[in-house]
Every structure is written in C-alpha cells, then in structure tokens.
Amino acid sequence: MEVSRNSLRHRPLTPFRFMRGLMCLMVFLCSAFMFLVYFGPPVAVLLRLISIHHCRKATSLLFGLWLALWPFLFEKINGTKVIFSGDTVPTGERILLISNHRTEVDWMYLWDLALRKGCLGSIKYILKSSLMKLPVLGWGFHILEFISVERKWEVDEPILRQMLSTFKNPRDPLWLVVFPEGTDFTEQKCQRSQKFAAEVGLPILTNVLLPKTRGFSVCVEELRSSLDAVYDVSIAYKHQYPTFSDNVFGIDPSEVHIHVRRVPVKEIPASDSEVASWLIDTFRLKDKLLSDFKAEGHFPNRGAERELSTLKCLVNCTVVISLTVLFTYFTFFSSIWFKLYVGLASAYLTFATYFKIRSAPVTCLDKDLFSVSRKSRNE
C-alpha cells in the first residue's frame, strides 16, 4: 500500500504553523525587497566604482544579515536539528564547495555551515539562469554575484570563465558552491544517469547522479592559485526529503545531516582529465557514504560544530526587522523623493539583473585604496 506524503511528514501542518510560516515568509520577502532597493544600488554601483573589494565586504556584511534569517528559521523556529560530521573546517578559508543535490532546498542548508564559519555573506552559487527571473530574489542573486548558466556548454563556458576571473583576489572571502549533478535528484533522472554510465563504462550510482565534470574543472583551473581547499559536502535527511514549503511552514525535515570532507587544493590533480576522474571517484565515494547513511541513520565522525546562539539570532532578526520597518516608513509615509528613489532603484535592479550589468571600478581609485590597505596592514 502506498504511503501518502502527509503521513510521512515529521510534523502536521497545523493552523499555527501555517500562520507562522506565512508571517515569516512575508517578513523575509519584505525585508529582502527593502534591503535590495536601499542597499543594492549604493553598494553594487557607487561603492563598486571605488573598489570591488570594499563593495564585496559591504555586500557580505549587509546581505549576510538577511541570509542569517534562514538558519534562524530552520534551527530555532522550526526546530530542525542540523548535524555536522566529518572534518572540522577552519574559518576564513577561500573554498570551492561541491555537494550532492537531493532536493530543491539543499543549497539553503549550506547557509547553516557558512554562518558558523563567518562566510555567510560571501557564499556564491552556480545556478540555472531561470532562477534569476524570480521576482526580488533574482535581484539578490545578481547583487551577491551568483553565476547563472544556460546548461549549454558553448554558451556557459565564456560566461563562467569571465565571472571566475573576478573572484581571484585572495583578499576577498569566497565560498563558491557547485552542484556537479546539474539538477536535483529524482528516480527517473537516476535511471537515465545509470543507463548513460553503463554505456560509457563509468560507475553506476544509486544515491546521486553522475557528475558533470567540465564546470568543476574550469572552476579549479581558474581559481586554483587563490583557493585554500575544496569542501566535499554530502547532505542527507531523516524520514522525508523537504520542499521549500516544508521549510517555510516547519513541517520537515526533522534532521539535516551534513558531512564535510576537506581536501587541500594542492591535492586536486592538475590536468582536466585527472580532475574529471577525481570528481567521478569523489561521487562514487559519496554514493557509498549516502548508502551507509540510509542503513545506519547517520554519517561517520560526528563533528562538534557549535549550536547557533539564540541571542545572536534574535539580535540579528531585530536589526533586520527594524531596518525593514524604517525603510517601509520612508517609502510610504515620508517624502516623495523616497518613492521616486525606490522606483528608480527597482527599475535599475530589474535592468541590471536581466542584462547582467555590473559597474566597473575606476582603476586608479581601486589601486589607491589597495595600496593604502596594504600599507596599513604592513604598519
């Protein structure tokens, strides 16, 4: 007898959870809009004209405040347990992160790890271009310099290389996330992947799809000299694979398990063919790890990542909501100039996101600030 999805849910969708989820979603969307229109153009245009490095620091700080709302929702409001295992990774590293892609929300749980490592505002994703068309959120993806791809290599390769070339400054924190499977896992996709693997003599995988190697190889090639490590992350869920609405309304998951294997970048092979073989072997090991998780209910080598501070989460939430209320007052109850600014900012963000426009720094100013920064550090 087939079991319905509702009977598998960790928590029922009660009226309280429904209303709480709607309120949280409204807060998240309103705060996202206000942060983007009031902070986006000054930071992404004006400050970027002076210095890309300082633009990214400001972006990381300001929009990291907003991103931190999501781990607060997951762990403190919904009560989801996020359990880390594997290597305990240091803070402040520049990394390339690869992960399996089991559901539509895997990428959001990587924020829980990035927040603990002080790199939440510096996380960037390679994602399909259709997501850039999401209202408001697409603006945020553009401001945070996510890399959008069409899934056509002849189109994507020059765009990918151009964007990666701007991420090479070792002074800029970087967590670049790649999902080498290229899409989320389903049984139908798995069967097609297994059929292809059998035809070309590659490993037959059951818990992940065969990874696409070219994008990862280009990332390693372009960023190798400025990276500290590659993080091989495996994500698994207890009882039920969550959807976005499950996250919002606090229905699922009960537990998220995140296993991290840190690989120093010097251990990654140099040639494209060797990098491709390394990635395929990594996913073969990941497939075995996920099979063991299904059998045992946990990953090996449970780590000791600290719990999120409830007080810090509440302070962060208070700051975000206070700024949102202030910007809302300016927009609707203050001078007409604020309404004009919001309209122009919205138009600019729509235009810049659609045409992938980013202002270039005035070279002399950027160099002067770099020399001042370097001199101050030496002193």
# chains A, B, ... in the order shown; residues from 1 in each chain; ligands from 1
>>> residues_around(residues="segment 55-57 of chain A", least_positions_apart="3", cutoff="10 Å", atoms="only C-alpha atoms", output="list of chain:residue names")
A:Pro42, A:Val43, A:Ala44, A:Val45, A:Leu46, A:Leu47, A:Arg48, A:Leu49, A:Ile50, A:Ser51, A:Ile52, A:Ser60, A:Leu61, A:Leu62, A:Gly121, A:Ser122, A:Ile143, A:Leu144, A:Glu145, A:Arg171, A:Asp172, A:Pro173, A:Pro361
>>> residues_around(residues="segment 320-335 of chain A", least_positions_apart="3", cutoff="12 Å", atoms="only C-alpha atoms", output="ChimeraX atom specification")
/A:24,26-39,62-69,313-317,338-343
>>> write_last_selection(atoms="C-alpha atoms", output="short mmCIF file (atom, residue, chain, number, x, y, z; two decimals), in the first residue's frame")
data_model
loop_
_atom_site.label_atom_id
_atom_site.label_comp_id
_atom_site.auth_asym_id
_atom_site.auth_seq_id
_atom_site.Cartn_x
_atom_site.Cartn_y
_atom_site.Cartn_z
CA CYS A 24 7.92 34.50 8.30
CA MET A 26 6.13 37.94 4.49
CA VAL A 27 8.96 39.23 6.72
CA PHE A 28 11.60 37.58 4.54
CA LEU A 29 10.19 38.95 1.28
CA CYS A 30 9.56 42.47 2.62
CA SER A 31 12.99 42.68 4.20
CA ALA A 32 14.61 41.31 1.03
CA PHE A 33 12.91 43.98 -1.08
CA MET A 34 13.80 46.83 1.27
CA PHE A 35 17.42 45.69 1.72
CA LEU A 36 17.87 45.34 -2.03
CA VAL A 37 16.41 48.70 -3.07
CA TYR A 38 18.02 50.72 -0.27
CA PHE A 39 21.40 48.97 -0.06
CA LEU A 62 24.64 43.84 4.84
CA PHE A 63 23.13 40.91 3.00
CA GLY A 64 24.67 38.42 5.41
CA LEU A 65 22.27 39.93 7.97
CA TRP A 66 19.33 38.94 5.77
CA LEU A 67 20.67 35.49 4.88
CA ALA A 68 21.10 34.71 8.59
CA LEU A 69 17.31 34.79 8.96
CA CYS A 313 19.90 35.17 16.11
CA LEU A 314 17.33 37.33 17.90
CA VAL A 315 19.56 40.41 17.74
CA ASN A 316 20.18 39.85 14.02
CA CYS A 317 16.44 39.37 13.41
CA PHE A 338 11.93 58.20 -1.31
CA LYS A 339 9.14 56.84 -3.51
CA LEU A 340 10.99 58.11 -6.57
CA TYR A 341 14.22 56.52 -5.36
CA VAL A 342 12.54 53.15 -4.74
CA GLY A 343 11.01 53.23 -8.21
#
>>> atom_distance(atom1="atom CA of Ser85 of chain A", atom2="atom CA of Phe179 of chain A")
19.6 Å
>>> residues_around(residues="Gln188 of chain A", least_positions_apart="6", cutoff="12 Å", atoms="only C-alpha atoms", output="NGL selection string")
:A and (194-195 or 206 or 208-209)
>>> write_last_selection(atoms="all heavy atoms", output="compact mmCIF listing (two decimals), in the first residue's frame")
# COMPACT_ATOMS: atom_id res chain seq x y z
N GLN A 194 22.19 6.24 -14.79
CA GLN A 194 22.74 4.89 -14.72
C GLN A 194 22.88 4.27 -16.11
O GLN A 194 23.88 3.58 -16.40
CB GLN A 194 21.86 4.01 -13.83
CG GLN A 194 21.92 4.36 -12.36
CD GLN A 194 20.91 3.58 -11.54
OE1 GLN A 194 19.90 3.11 -12.05
NE2 GLN A 194 21.18 3.45 -10.24
N LYS A 195 21.90 4.50 -16.96
CA LYS A 195 21.96 3.98 -18.32
C LYS A 195 23.15 4.57 -19.07
O LYS A 195 23.90 3.84 -19.75
CB LYS A 195 20.66 4.32 -19.06
CG LYS A 195 20.61 3.79 -20.49
CD LYS A 195 19.30 4.16 -21.16
CE LYS A 195 19.29 3.66 -22.61
NZ LYS A 195 18.03 4.07 -23.31
N THR A 206 23.61 5.05 -7.23
CA THR A 206 22.21 4.87 -6.85
C THR A 206 21.64 6.02 -6.02
O THR A 206 20.42 6.19 -5.98
CB THR A 206 22.04 3.56 -6.05
OG1 THR A 206 22.88 3.61 -4.90
CG2 THR A 206 22.42 2.35 -6.90
N VAL A 208 23.13 9.32 -6.07
CA VAL A 208 23.49 10.58 -6.71
C VAL A 208 23.50 10.35 -8.22
O VAL A 208 23.53 9.21 -8.69
CB VAL A 208 24.87 11.10 -6.25
CG1 VAL A 208 24.84 11.52 -4.79
CG2 VAL A 208 25.96 10.05 -6.48
N LEU A 209 23.49 11.44 -8.97
CA LEU A 209 23.61 11.36 -10.41
C LEU A 209 25.08 11.45 -10.79
O LEU A 209 25.90 11.96 -10.04
CB LEU A 209 22.84 12.50 -11.08
CG LEU A 209 21.37 12.66 -10.69
CD1 LEU A 209 20.76 13.85 -11.42
CD2 LEU A 209 20.59 11.39 -10.97
>>> select_by_dssp(residues="segment 218-319 of chain A", states="strand (DSSP E)", output="list in words")
Ala229, Val230, Tyr231, Asp232, Val233, Ser234, Ile235, Ala236, Tyr237, Glu255, Val256, His257, Ile258, His259, Val260, Arg261, Arg262, Val263 and Pro264 of chain A
>>> residues_around(residues="Thr14 of chain A", least_positions_apart="5", cutoff="12 Å", atoms="only C-alpha atoms", output="PyMOL selection string")
chain A and resi 19-21+249-251
>>> write_last_selection(atoms="N, CA and C atoms", output="PDB file, in the first residue's frame")
ATOM      1  N   MET A  19       0.066  29.880   9.833  1.00  0.00           N
ATOM      2  CA  MET A  19       0.105  31.331  10.027  1.00  0.00           C
ATOM      3  C   MET A  19       1.516  31.803  10.325  1.00  0.00           C
ATOM      4  N   ARG A  20       2.241  31.034  11.154  1.00  0.00           N
ATOM      5  CA  ARG A  20       3.634  31.402  11.453  1.00  0.00           C
ATOM      6  C   ARG A  20       4.482  31.398  10.190  1.00  0.00           C
ATOM      7  N   GLY A  21       4.277  30.392   9.338  1.00  0.00           N
ATOM      8  CA  GLY A  21       5.033  30.323   8.091  1.00  0.00           C
ATOM      9  C   GLY A  21       4.731  31.480   7.171  1.00  0.00           C
ATOM     10  N   PHE A 249       6.951  26.327   6.487  1.00  0.00           N
ATOM     11  CA  PHE A 249       5.905  26.041   7.468  1.00  0.00           C
ATOM     12  C   PHE A 249       6.376  25.135   8.604  1.00  0.00           C
ATOM     13  N   GLY A 250       7.642  24.727   8.585  1.00  0.00           N
ATOM     14  CA  GLY A 250       8.189  23.956   9.695  1.00  0.00           C
ATOM     15  C   GLY A 250       7.690  22.532   9.771  1.00  0.00           C
ATOM     16  N   ILE A 251       7.339  21.947   8.630  1.00  0.00           N
ATOM     17  CA  ILE A 251       6.814  20.579   8.612  1.00  0.00           C
ATOM     18  C   ILE A 251       7.950  19.557   8.585  1.00  0.00           C
TER      19      ILE A 251
END
